[in-house]
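input12.cif, holding mmCIF, C-alpha atoms and all ligand atoms:
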```
data_protein
#
loop_
_atom_site.group_PDB
_atom_site.id
_atom_site.type_symbol
_atom_site.label_atom_id
_atom_site.label_comp_id
_atom_site.auth_asym_id
_atom_site.auth_seq_id
_atom_site.Cartn_x
_atom_site.Cartn_y
_atom_site.Cartn_z
ATOM 1 C CA MET G 89 -27.988 46.739 217.855
ATOM 2 C CA GLU G 90 -29.681 49.257 215.603
ATOM 3 C CA VAL G 91 -32.999 50.978 216.307
ATOM 4 C CA ILE G 92 -35.142 51.579 213.234
ATOM 5 C CA THR G 93 -38.176 53.832 213.391
ATOM 6 C CA SER G 94 -38.825 54.543 209.716
ATOM 7 C CA ILE G 95 -40.995 52.417 207.434
ATOM 8 C CA GLU G 96 -38.638 52.949 204.449
ATOM 9 C CA GLU G 97 -35.609 51.807 206.435
ATOM 10 C CA ILE G 98 -37.213 48.608 207.710
ATOM 11 C CA GLN G 99 -38.382 47.822 204.157
ATOM 12 C CA GLN G 100 -34.882 48.373 202.783
ATOM 13 C CA LEU G 101 -33.364 46.219 205.527
ATOM 14 C CA ALA G 102 -35.843 43.366 204.957
ATOM 15 C CA HIS G 103 -35.207 43.564 201.204
ATOM 16 C CA ARG G 104 -31.414 43.486 201.650
ATOM 17 C CA LEU G 105 -31.543 40.560 204.089
ATOM 18 C CA GLU G 106 -33.834 38.650 201.749
ATOM 19 C CA LYS G 107 -31.382 39.161 198.850
ATOM 20 C CA GLU G 108 -28.559 37.927 201.071
ATOM 21 C CA GLY G 109 -30.605 34.788 201.817
ATOM 22 C CA LYS G 110 -30.805 35.571 205.546
ATOM 23 C CA LYS G 111 -33.647 34.130 207.608
ATOM 24 C CA ILE G 112 -35.268 36.723 209.865
ATOM 25 C CA GLY G 113 -36.579 35.753 213.303
ATOM 26 C CA PHE G 114 -39.113 38.217 214.668
ATOM 27 C CA VAL G 115 -40.612 38.887 218.098
ATOM 28 C CA PRO G 116 -43.526 41.380 217.956
ATOM 29 C CA THR G 117 -44.091 43.144 221.302
ATOM 30 C CA MET G 118 -45.727 46.185 222.833
ATOM 31 C CA GLY G 119 -42.624 46.772 224.960
ATOM 32 C CA TYR G 120 -42.228 46.921 228.732
ATOM 33 C CA LEU G 121 -40.340 43.679 228.283
ATOM 34 C CA HIS G 122 -40.252 40.926 230.895
ATOM 35 C CA ASN G 123 -38.585 37.522 231.054
ATOM 36 C CA GLY G 124 -41.391 36.005 228.994
ATOM 37 C CA HIS G 125 -40.419 38.252 226.060
ATOM 38 C CA LEU G 126 -36.733 37.549 226.606
ATOM 39 C CA SER G 127 -37.359 33.796 226.513
ATOM 40 C CA LEU G 128 -39.030 34.286 223.104
ATOM 41 C CA ILE G 129 -35.821 35.909 221.853
ATOM 42 C CA ASP G 130 -33.846 32.834 222.981
ATOM 43 C CA LEU G 131 -36.357 30.532 221.357
ATOM 44 C CA ILE G 132 -36.246 32.163 217.934
ATOM 45 C CA ARG G 133 -32.506 32.820 217.843
ATOM 46 C CA GLU G 134 -31.587 29.182 217.070
ATOM 47 C CA ARG G 135 -33.659 29.277 213.886
ATOM 48 C CA SER G 136 -32.672 32.701 212.581
ATOM 49 C CA ASP G 137 -29.698 34.499 211.024
ATOM 50 C CA ILE G 138 -31.007 37.909 212.101
ATOM 51 C CA LEU G 139 -33.195 38.779 215.062
ATOM 52 C CA ILE G 140 -35.662 41.683 214.944
ATOM 53 C CA LEU G 141 -37.920 42.728 217.834
ATOM 54 C CA SER G 142 -40.656 45.312 217.437
ATOM 55 C CA ILE G 143 -41.839 47.667 220.165
ATOM 56 C CA PHE G 144 -45.143 49.310 219.331
ATOM 57 C CA VAL G 145 -48.101 49.959 221.619
ATOM 58 C CA ASN G 146 -50.784 49.277 219.053
ATOM 59 C CA PRO G 147 -53.775 51.597 219.561
ATOM 60 C CA THR G 148 -56.225 49.597 217.438
ATOM 61 C CA GLN G 149 -56.162 46.583 219.754
ATOM 62 C CA PHE G 150 -57.358 48.649 222.738
ATOM 63 C CA GLY G 151 -61.092 49.198 223.110
ATOM 64 C CA VAL G 152 -62.772 52.395 224.247
ATOM 65 C CA GLY G 153 -62.068 52.920 227.958
ATOM 66 C CA GLU G 154 -59.237 50.389 228.018
ATOM 67 C CA ASP G 155 -55.681 51.096 229.190
ATOM 68 C CA LEU G 156 -54.006 52.476 226.017
ATOM 69 C CA GLU G 157 -52.855 55.738 227.637
ATOM 70 C CA LYS G 158 -51.557 54.177 230.807
ATOM 71 C CA TYR G 159 -50.096 51.027 229.205
ATOM 72 C CA PRO G 160 -46.602 50.760 230.762
ATOM 73 C CA ARG G 161 -43.728 52.025 228.630
ATOM 74 C CA ASP G 162 -39.955 52.150 229.247
ATOM 75 C CA MET G 163 -38.078 52.336 225.959
ATOM 76 C CA GLU G 164 -34.623 52.865 227.506
ATOM 77 C CA ARG G 165 -34.907 49.793 229.704
ATOM 78 C CA ASP G 166 -36.324 47.726 226.820
ATOM 79 C CA LEU G 167 -33.412 48.724 224.574
ATOM 80 C CA GLU G 168 -30.898 47.815 227.290
ATOM 81 C CA LEU G 169 -32.468 44.371 227.761
ATOM 82 C CA CYS G 170 -32.442 43.774 224.000
ATOM 83 C CA ARG G 171 -28.798 44.870 223.754
ATOM 84 C CA GLU G 172 -27.903 42.348 226.453
ATOM 85 C CA LYS G 173 -29.821 39.676 224.523
ATOM 86 C CA LYS G 174 -27.939 40.593 221.350
ATOM 87 C CA VAL G 175 -31.014 41.440 219.323
ATOM 88 C CA ASP G 176 -29.833 42.745 215.918
ATOM 89 C CA TYR G 177 -32.554 45.315 215.194
ATOM 90 C CA ILE G 178 -35.364 47.004 217.076
ATOM 91 C CA PHE G 179 -38.258 48.236 214.992
ATOM 92 C CA ALA G 180 -40.092 50.977 216.907
ATOM 93 C CA PRO G 181 -42.321 52.853 214.455
ATOM 94 C CA GLN G 182 -44.438 55.949 215.068
ATOM 95 C CA THR G 183 -48.206 55.484 215.251
ATOM 96 C CA ASP G 184 -48.822 58.006 212.447
ATOM 97 C CA ASP G 185 -46.491 56.108 210.117
ATOM 98 C CA ILE G 186 -48.150 52.775 210.800
ATOM 99 C CA TYR G 187 -51.713 54.100 210.606
ATOM 100 C CA LEU G 188 -51.655 56.650 207.809
ATOM 101 C CA GLN G 189 -54.180 59.444 207.866
ATOM 102 C CA GLY G 190 -57.388 58.279 206.212
ATOM 103 C CA ALA G 191 -56.348 54.604 206.229
ATOM 104 C CA SER G 192 -59.399 52.384 205.871
ATOM 105 C CA THR G 193 -57.934 48.911 205.441
ATOM 106 C CA TYR G 194 -57.969 46.358 208.250
ATOM 107 C CA VAL G 195 -57.387 42.626 208.579
ATOM 108 C CA SER G 196 -59.962 40.684 210.538
ATOM 109 C CA GLU G 197 -60.211 37.014 211.380
ATOM 110 C CA GLU G 198 -63.837 35.975 211.756
ATOM 111 C CA GLY G 199 -63.742 32.484 213.241
ATOM 112 C CA VAL G 200 -61.456 31.616 216.128
ATOM 113 C CA SER G 201 -61.350 35.251 217.304
ATOM 114 C CA GLN G 202 -65.081 35.366 218.060
ATOM 115 C CA GLY G 203 -65.566 33.883 221.539
ATOM 116 C CA LEU G 204 -63.758 34.323 224.871
ATOM 117 C CA CYS G 205 -61.574 37.471 224.757
ATOM 118 C CA GLY G 206 -63.116 38.340 221.382
ATOM 119 C CA GLU G 207 -66.520 38.566 223.040
ATOM 120 C CA ALA G 208 -65.381 40.731 225.950
ATOM 121 C CA ARG G 209 -63.156 42.885 223.703
ATOM 122 C CA PRO G 210 -64.979 42.948 220.336
ATOM 123 C CA THR G 211 -62.403 45.080 218.465
ATOM 124 C CA HIS G 212 -59.269 43.614 220.040
ATOM 125 C CA PHE G 213 -58.326 40.833 217.637
ATOM 126 C CA LYS G 214 -59.019 42.969 214.558
ATOM 127 C CA GLY G 215 -56.382 45.334 215.954
ATOM 128 C CA VAL G 216 -53.977 42.479 216.582
ATOM 129 C CA THR G 217 -54.370 40.915 213.131
ATOM 130 C CA THR G 218 -54.128 44.304 211.428
ATOM 131 C CA ILE G 219 -50.911 45.324 213.172
ATOM 132 C CA CYS G 220 -49.360 41.872 212.794
ATOM 133 C CA ALA G 221 -50.155 41.755 209.058
ATOM 134 C CA LYS G 222 -48.524 45.187 208.695
ATOM 135 C CA LEU G 223 -45.476 44.139 210.719
ATOM 136 C CA PHE G 224 -45.101 40.866 208.800
ATOM 137 C CA ASN G 225 -45.254 42.768 205.488
ATOM 138 C CA LEU G 226 -42.587 45.191 206.666
ATOM 139 C CA VAL G 227 -40.215 42.841 208.530
ATOM 140 C CA ARG G 228 -40.717 39.766 206.290
ATOM 141 C CA PRO G 229 -39.839 37.205 208.952
ATOM 142 C CA ALA G 230 -39.320 33.497 208.317
ATOM 143 C CA HIS G 231 -40.161 32.721 211.950
ATOM 144 C CA ILE G 232 -42.028 34.548 214.668
ATOM 145 C CA ALA G 233 -42.162 33.764 218.383
ATOM 146 C CA VAL G 234 -45.294 34.418 220.445
ATOM 147 C CA GLY G 235 -46.201 33.437 223.996
ATOM 148 C CA GLN G 236 -48.659 30.702 224.981
ATOM 149 C CA LYS G 237 -50.065 32.959 227.721
ATOM 150 C CA ASP G 238 -52.085 34.728 225.008
ATOM 151 C CA ALA G 239 -53.543 31.414 223.856
ATOM 152 C CA GLN G 240 -56.352 32.841 221.721
ATOM 153 C CA GLN G 241 -54.000 35.345 220.096
ATOM 154 C CA VAL G 242 -51.735 32.429 219.117
ATOM 155 C CA VAL G 243 -54.647 30.591 217.478
ATOM 156 C CA VAL G 244 -55.884 33.753 215.719
ATOM 157 C CA LEU G 245 -52.415 34.603 214.368
ATOM 158 C CA LYS G 246 -51.814 31.047 213.171
ATOM 159 C CA ARG G 247 -55.142 31.155 211.329
ATOM 160 C CA MET G 248 -54.356 34.545 209.745
ATOM 161 C CA ILE G 249 -50.886 33.390 208.683
ATOM 162 C CA ARG G 250 -52.399 30.286 207.075
ATOM 163 C CA ASP G 251 -55.336 32.068 205.445
ATOM 164 C CA LEU G 252 -53.249 34.941 204.026
ATOM 165 C CA HIS G 253 -50.357 32.692 202.936
ATOM 166 C CA PHE G 254 -47.659 34.414 204.953
ATOM 167 C CA PRO G 255 -44.591 32.143 204.636
ATOM 168 C CA ILE G 256 -43.990 32.262 208.381
ATOM 169 C CA GLU G 257 -43.364 29.544 210.952
ATOM 170 C CA VAL G 258 -44.942 30.265 214.342
ATOM 171 C CA VAL G 259 -42.908 29.236 217.368
ATOM 172 C CA ILE G 260 -44.810 29.221 220.660
ATOM 173 C CA GLY G 261 -43.005 30.013 223.894
ATOM 174 C CA PRO G 262 -44.244 28.519 227.176
ATOM 175 C CA THR G 263 -45.827 30.827 229.772
ATOM 176 C CA LEU G 264 -43.237 32.103 232.219
ATOM 177 C CA ARG G 265 -44.391 32.643 235.796
ATOM 178 C CA GLU G 266 -43.366 34.762 238.748
ATOM 179 C CA PRO G 267 -42.189 32.733 241.799
ATOM 180 C CA ASP G 268 -45.738 33.022 243.240
ATOM 181 C CA GLY G 269 -47.260 31.479 240.079
ATOM 182 C CA LEU G 270 -48.621 34.637 238.425
ATOM 183 C CA ALA G 271 -48.145 34.474 234.648
ATOM 184 C CA MET G 272 -45.677 37.134 233.494
ATOM 185 C CA SER G 273 -47.408 40.069 231.823
ATOM 186 C CA SER G 274 -46.622 43.740 231.350
ATOM 187 C CA ARG G 275 -49.991 44.458 232.989
ATOM 188 C CA ASN G 276 -48.843 42.874 236.294
ATOM 189 C CA SER G 277 -47.156 46.209 237.000
ATOM 190 C CA TYR G 278 -50.640 47.691 237.625
ATOM 191 C CA LEU G 279 -51.332 45.364 240.581
ATOM 192 C CA ASN G 280 -51.013 46.538 244.173
ATOM 193 C CA ASP G 281 -50.412 43.944 246.938
ATOM 194 C CA ARG G 282 -54.086 43.315 247.588
ATOM 195 C CA GLN G 283 -54.907 42.966 243.898
ATOM 196 C CA ARG G 284 -51.969 40.650 243.407
ATOM 197 C CA GLN G 285 -53.291 38.277 246.081
ATOM 198 C CA ASP G 286 -56.528 38.003 244.116
ATOM 199 C CA ALA G 287 -54.669 37.671 240.811
ATOM 200 C CA LEU G 288 -52.879 34.607 242.222
ATOM 201 C CA LEU G 289 -56.242 32.829 242.312
ATOM 202 C CA ILE G 290 -56.068 32.488 238.523
ATOM 203 C CA HIS G 291 -53.101 30.149 238.642
ATOM 204 C CA LYS G 292 -54.489 28.416 241.753
ATOM 205 C CA ALA G 293 -57.749 27.736 239.897
ATOM 206 C CA LEU G 294 -55.923 26.382 236.844
ATOM 207 C CA GLN G 295 -53.835 24.105 239.036
ATOM 208 C CA ALA G 296 -56.909 22.877 240.936
ATOM 209 C CA GLY G 297 -58.634 22.085 237.627
ATOM 210 C CA LYS G 298 -55.586 20.279 236.284
ATOM 211 C CA LEU G 299 -55.271 18.283 239.487
ATOM 212 C CA LEU G 300 -58.836 16.996 239.093
ATOM 213 C CA VAL G 301 -58.016 15.859 235.579
ATOM 214 C CA ASP G 302 -54.537 14.461 236.218
ATOM 215 C CA GLU G 303 -54.960 12.854 239.613
ATOM 216 C CA LYS G 304 -58.673 12.157 239.963
ATOM 217 C CA GLY G 305 -59.167 11.178 236.329
ATOM 218 C CA VAL G 306 -62.095 13.620 235.889
ATOM 219 C CA ARG G 307 -63.062 14.182 232.229
ATOM 220 C CA ASN G 308 -66.357 15.971 232.841
ATOM 221 C CA VAL G 309 -66.139 19.577 231.645
ATOM 222 C CA ASP G 310 -68.820 20.944 234.011
ATOM 223 C CA ARG G 311 -67.103 19.435 237.049
ATOM 224 C CA VAL G 312 -63.766 21.016 236.125
ATOM 225 C CA LYS G 313 -65.377 24.379 235.328
ATOM 226 C CA ALA G 314 -67.151 24.322 238.710
ATOM 227 C CA GLU G 315 -63.778 23.798 240.398
ATOM 228 C CA LEU G 316 -62.261 26.794 238.539
ATOM 229 C CA MET G 317 -65.207 28.979 239.570
ATOM 230 C CA THR G 318 -65.048 27.907 243.230
ATOM 231 C CA VAL G 319 -61.397 28.933 243.496
ATOM 232 C CA LEU G 320 -61.887 32.202 241.595
ATOM 233 C CA ARG G 321 -64.952 33.162 243.666
ATOM 234 C CA SER G 322 -62.917 32.925 246.875
ATOM 235 C CA GLY G 323 -61.333 36.277 245.936
ATOM 236 C CA SER G 324 -63.097 39.458 246.946
ATOM 237 C CA PHE G 325 -62.110 41.611 243.980
ATOM 238 C CA VAL G 326 -62.188 39.083 241.146
ATOM 239 C CA ARG G 327 -64.823 39.598 238.474
ATOM 240 C CA ILE G 328 -64.857 36.519 236.303
ATOM 241 C CA ASN G 329 -65.054 37.026 232.534
ATOM 242 C CA TYR G 330 -64.716 33.330 231.647
ATOM 243 C CA ALA G 331 -63.404 30.054 233.010
ATOM 244 C CA GLU G 332 -63.676 27.481 230.236
ATOM 245 C CA VAL G 333 -62.395 24.203 228.885
ATOM 246 C CA VAL G 334 -61.560 24.631 225.183
ATOM 247 C CA ASP G 335 -59.907 22.828 222.292
ATOM 248 C CA ARG G 336 -56.407 24.315 222.067
ATOM 249 C CA GLU G 337 -56.480 24.290 218.253
ATOM 250 C CA ASN G 338 -59.666 26.331 217.707
ATOM 251 C CA MET G 339 -60.712 27.707 221.134
ATOM 252 C CA LYS G 340 -64.129 26.036 220.865
ATOM 253 C CA ALA G 341 -65.773 24.838 224.104
ATOM 254 C CA GLU G 342 -65.044 21.170 224.792
ATOM 255 C CA LYS G 343 -67.843 18.675 225.492
ATOM 256 C CA GLU G 344 -65.448 16.256 227.154
ATOM 257 C CA ILE G 345 -61.853 16.620 228.226
ATOM 258 C CA GLU G 346 -59.242 15.001 226.028
ATOM 259 C CA LEU G 347 -55.635 15.020 227.179
ATOM 260 C CA GLY G 348 -53.281 16.718 224.732
ATOM 261 C CA ARG G 349 -56.139 18.674 223.154
ATOM 262 C CA SER G 350 -58.094 20.345 225.945
ATOM 263 C CA MET G 351 -56.948 23.525 227.632
ATOM 264 C CA LEU G 352 -58.244 25.432 230.673
ATOM 265 C CA VAL G 353 -58.572 29.169 229.990
ATOM 266 C CA ILE G 354 -59.422 31.957 232.419
ATOM 267 C CA ALA G 355 -59.969 35.708 232.083
ATOM 268 C CA VAL G 356 -60.813 37.910 235.062
ATOM 269 C CA TRP G 357 -60.852 41.532 236.051
ATOM 270 C CA VAL G 358 -59.155 42.306 239.335
ATOM 271 C CA ASP G 359 -60.838 45.642 239.941
ATOM 272 C CA ASN G 360 -60.404 47.079 236.410
ATOM 273 C CA ILE G 361 -57.232 45.157 235.520
ATOM 274 C CA ARG G 362 -57.896 42.408 233.016
ATOM 275 C CA LEU G 363 -55.746 39.285 233.360
ATOM 276 C CA ILE G 364 -55.721 36.041 231.369
ATOM 277 C CA ASP G 365 -53.995 32.704 231.795
ATOM 278 C CA ASN G 366 -54.313 29.099 230.648
ATOM 279 C CA ILE G 367 -52.970 25.615 231.153
ATOM 280 C CA LEU G 368 -52.791 22.680 228.744
ATOM 281 C CA LEU G 369 -54.173 19.348 229.952
ATOM 282 C CA GLY G 370 -52.083 16.252 229.398
HETATM 283 O O1 LIG G 401 -48.982 40.206 222.366
HETATM 284 C C1 LIG G 401 -48.720 41.412 222.134
HETATM 285 O O2 LIG G 401 -47.877 42.009 222.785
HETATM 286 C C2 LIG G 401 -49.459 42.135 221.023
HETATM 287 O O3 LIG G 401 -50.776 41.715 220.940
HETATM 288 C C3 LIG G 401 -48.751 42.035 219.648
HETATM 289 C C4 LIG G 401 -48.732 40.609 219.134
HETATM 290 C C5 LIG G 401 -47.341 42.554 219.764
HETATM 291 C C6 LIG G 401 -49.505 42.894 218.633
HETATM 292 O O4 LIG G 401 -49.541 44.218 219.013
#
```
Translate the structure described by the file into structure tokens.
Amino acid sequence: MEVITSIEEIQQLAHRLEKEGKKIGFVPTMGYLHNGHLSLIDLIRERSDILILSIFVNPTQFGVGEDLEKYPRDMERDLELCREKKVDYIFAPQTDDIYLQGASTYVSEEGVSQGLCGEARPTHFKGVTTICAKLFNLVRPAHIAVGQKDAQQVVVLKRMIRDLHFPIEVVIGPTLREPDGLAMSSRNSYLNDRQRQDALLIHKALQAGKLLVDEKGVRNVDRVKAELMTVLRSGSFVRINYAEVVDRENMKAEKEIELGRSMLVIAVWVDNIRLIDNILLG
């Protein structure tokens, strides 16, 4: 496995692989890898000749007062995990090389990024689309793998890829969970025992909502949302950002639940730690 940090080198590599007719599979990450990331590597490997994973804590997707400085980092451990997974190349650029001094060009999606997380974190998705457009230009992947846990990010990236004509197939990996049900996330490392108990309410709420739909046949959005809120409110440190029923394709609020299309989405703060999760219905 080779670690590339320079922009010129990644461009040369992508160019060479393209000339050799090799299909690049790409997993963009901010590091501090967990099994969810590793499952994305497995998912994309089957489709690709060469596997590239990026590690870059992207400053532009963090808002003022968010956790950029304390975002967990462990490059040595990440590299070891990637070696074991037989990743071919790691791309780990420097911030100053990615965001050149005086740079004034950004990529922003202005539809599906607007509600939900986009409302609570108004600059977040612009940061995500900007860094992903840069990474796609540099790495030139044929396929990328992203996790379903970040459901709105998936929809935003698919829209950007379509709108900007990136010739990239998006492969979506299922949410991996800890044994207690908590969705895997690098941010789980912030949680102490008490906070973790409250964080577990997210999955409990999603399951309770799904149960109403699957076993009681409920299709009324307000009834399901009320159930999500009741479970979430039973925690003492949970501040609810949203608990919604949305269309999985465009993140718009549903009027009525339709199996195979509707998705339950939740975002909360446990103290100041923001956590999101979702579950597909049907
Ligand atoms: O999901 C993430 O880890 C990040 O948002 C991504 C896609 C790597 C962009 O920085």
5 Å per side around ligand LIG 401 (chain G): axis-aligned box centre and edge lengths, as lines of an AutoDock Vina configuration file:
```
center_x = -49.1
center_y = 42.2
center_z = 220.7
size_x = 13.4
size_y = 14.0
size_z = 14.2
```
Protein and nucleic acid residues within 8 Å of ligand LIG 401 (chain G) (all atoms listed in the file) as a tab-separated table (two decimals) with C-alpha atoms, in the coordinates of the input:
```
chain	number	residue	atom	x	y	z
G	115	VAL	CA	-40.61	38.89	218.10
G	116	PRO	CA	-43.53	41.38	217.96
G	117	THR	CA	-44.09	43.14	221.30
G	118	MET	CA	-45.73	46.18	222.83
G	119	GLY	CA	-42.62	46.77	224.96
G	142	SER	CA	-40.66	45.31	217.44
G	143	ILE	CA	-41.84	47.67	220.16
G	144	PHE	CA	-45.14	49.31	219.33
G	145	VAL	CA	-48.10	49.96	221.62
G	146	ASN	CA	-50.78	49.28	219.05
G	149	GLN	CA	-56.16	46.58	219.75
G	215	GLY	CA	-56.38	45.33	215.95
G	216	VAL	CA	-53.98	42.48	216.58
G	217	THR	CA	-54.37	40.92	213.13
G	219	ILE	CA	-50.91	45.32	213.17
G	220	CYS	CA	-49.36	41.87	212.79
G	234	VAL	CA	-45.29	34.42	220.44
G	235	GLY	CA	-46.20	33.44	224.00
G	238	ASP	CA	-52.08	34.73	225.01
G	241	GLN	CA	-54.00	35.34	220.10
```
Pick out the residues sitting within 9 Å of Asn225 (chain G), and hand them over as a list in words; count only C-alpha atoms, and ignore anything fewer than 4 positions along from it in its own chain.
Gln99, Cys220, Ala221, Pro229 and Phe254 of chain G
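Each of G:Arg135, G:Arg247, G:Lys237, G:Arg327 was checked against Leu368 (chain G) using all atoms listed in the file; the smallest atom-to-atom distance is that of G:Lys237.
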Residue by residue, what does the PyMOL selection byres (((chain G and resi 309) around 12) and not hetatm) grab here? Present the result as number ranges by chain.
G: 297-298, 300-301, 305-308, 310-316, 331-335, 341-346, 350-352
Find the residues around Arg265 (chain G) up to 10 Å (all atoms listed in the file counted), leave out those fewer than 5 positions away in its own chain, and share them as a count of residues only.
8
Would you write out, as a PyMOL selection string, every residue that the PyMOL selection byres (((chain G and resi 178-191) around 9) and not hetatm) captures in this file?
chain G and resi 89-95+98+139-147+167+170+175-177+192-194+219+222+227
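Between CA of Gly203 (chain G) and CA of Gly269 (chain G) lies a distance of 26.2 Å.
Of the listed residues G:Arg209, G:His231, G:Lys292, G:His103, the one whose atoms come nearest to Val258 (chain G) is G:His231, with distances taken using all atoms listed in the file.
Residue nearest Val358 (chain G) within the list G:Leu289, G:Ala102, G:Ala230, G:Met339: G:Leu289 [criterion: smallest interatomic distance, all atoms listed in the file].
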Who sits within 9 Å of Leu279 (chain G), all atoms listed in the file, same chain under 4 positions skipped, as a list of chain:residue names
G:Arg275, G:Gln283, G:Arg284, G:Ala287, G:Val358, G:Ile361
I'd like the neighbourhood of Lys111 (chain G) as a ChimeraX atom specification, where a residue qualifies if any of its atoms comes within 7 Å (using only C-alpha atoms), though same-chain residues fewer than 5 positions away should be ignored.
/G:136-138,230
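Considering the residues G:Ala233, G:Val353, G:Ile364, G:Leu347 and counting all atoms listed in the file, Ile129 (chain G) has its shortest atom-to-atom contact with G:Ala233.
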Completion of region 212-218 of chain G up to all heavy atoms, as a PDB file, in the coordinates of the input:
```pdb
ATOM      1  N   HIS G 212     -60.665  43.916 219.686  1.00  0.00           N
ATOM      2  CA  HIS G 212     -59.269  43.614 220.040  1.00  0.00           C
ATOM      3  C   HIS G 212     -58.520  42.826 218.957  1.00  0.00           C
ATOM      4  O   HIS G 212     -57.457  43.238 218.483  1.00  0.00           O
ATOM      5  CB  HIS G 212     -59.249  42.853 221.367  1.00  0.00           C
ATOM      6  CG  HIS G 212     -57.913  42.315 221.731  1.00  0.00           C
ATOM      7  ND1 HIS G 212     -56.849  43.136 222.059  1.00  0.00           N
ATOM      8  CD2 HIS G 212     -57.428  41.035 221.802  1.00  0.00           C
ATOM      9  CE1 HIS G 212     -55.785  42.397 222.332  1.00  0.00           C
ATOM     10  NE2 HIS G 212     -56.102  41.128 222.170  1.00  0.00           N
ATOM     11  N   PHE G 213     -59.097  41.687 218.547  1.00  0.00           N
ATOM     12  CA  PHE G 213     -58.326  40.833 217.637  1.00  0.00           C
ATOM     13  C   PHE G 213     -58.184  41.442 216.236  1.00  0.00           C
ATOM     14  O   PHE G 213     -57.217  41.170 215.536  1.00  0.00           O
ATOM     15  CB  PHE G 213     -58.920  39.417 217.585  1.00  0.00           C
ATOM     16  CG  PHE G 213     -58.600  38.625 218.829  1.00  0.00           C
ATOM     17  CD1 PHE G 213     -59.606  38.182 219.668  1.00  0.00           C
ATOM     18  CD2 PHE G 213     -57.287  38.346 219.178  1.00  0.00           C
ATOM     19  CE1 PHE G 213     -59.303  37.475 220.828  1.00  0.00           C
ATOM     20  CE2 PHE G 213     -56.967  37.643 220.327  1.00  0.00           C
ATOM     21  CZ  PHE G 213     -57.979  37.204 221.160  1.00  0.00           C
ATOM     22  N   LYS G 214     -59.151  42.273 215.852  1.00  0.00           N
ATOM     23  CA  LYS G 214     -59.019  42.969 214.558  1.00  0.00           C
ATOM     24  C   LYS G 214     -57.780  43.881 214.609  1.00  0.00           C
ATOM     25  O   LYS G 214     -57.030  44.007 213.636  1.00  0.00           O
ATOM     26  CB  LYS G 214     -60.278  43.781 214.285  1.00  0.00           C
ATOM     27  CG  LYS G 214     -60.294  44.444 212.935  1.00  0.00           C
ATOM     28  CD  LYS G 214     -61.647  45.091 212.705  1.00  0.00           C
ATOM     29  CE  LYS G 214     -61.656  45.991 211.495  1.00  0.00           C
ATOM     30  NZ  LYS G 214     -62.884  46.764 211.391  1.00  0.00           N
ATOM     31  N   GLY G 215     -57.577  44.505 215.770  1.00  0.00           N
ATOM     32  CA  GLY G 215     -56.382  45.334 215.954  1.00  0.00           C
ATOM     33  C   GLY G 215     -55.111  44.506 215.917  1.00  0.00           C
ATOM     34  O   GLY G 215     -54.113  44.910 215.306  1.00  0.00           O
ATOM     35  N   VAL G 216     -55.173  43.338 216.533  1.00  0.00           N
ATOM     36  CA  VAL G 216     -53.977  42.479 216.582  1.00  0.00           C
ATOM     37  C   VAL G 216     -53.635  41.956 215.183  1.00  0.00           C
ATOM     38  O   VAL G 216     -52.476  42.010 214.753  1.00  0.00           O
ATOM     39  CB  VAL G 216     -54.192  41.290 217.564  1.00  0.00           C
ATOM     40  CG1 VAL G 216     -53.046  40.287 217.453  1.00  0.00           C
ATOM     41  CG2 VAL G 216     -54.322  41.785 219.003  1.00  0.00           C
ATOM     42  N   THR G 217     -54.655  41.466 214.460  1.00  0.00           N
ATOM     43  CA  THR G 217     -54.370  40.915 213.131  1.00  0.00           C
ATOM     44  C   THR G 217     -53.933  42.023 212.172  1.00  0.00           C
ATOM     45  O   THR G 217     -53.053  41.822 211.329  1.00  0.00           O
ATOM     46  CB  THR G 217     -55.591  40.150 212.558  1.00  0.00           C
ATOM     47  OG1 THR G 217     -56.778  40.919 212.791  1.00  0.00           O
ATOM     48  CG2 THR G 217     -55.740  38.801 213.187  1.00  0.00           C
ATOM     49  N   THR G 218     -54.508  43.200 212.320  1.00  0.00           N
ATOM     50  CA  THR G 218     -54.128  44.304 211.428  1.00  0.00           C
ATOM     51  C   THR G 218     -52.671  44.698 211.667  1.00  0.00           C
ATOM     52  O   THR G 218     -51.877  44.790 210.723  1.00  0.00           O
ATOM     53  CB  THR G 218     -55.059  45.516 211.627  1.00  0.00           C
ATOM     54  OG1 THR G 218     -56.386  45.118 211.293  1.00  0.00           O
ATOM     55  CG2 THR G 218     -54.654  46.690 210.750  1.00  0.00           C
TER      56      THR G 218
END
```
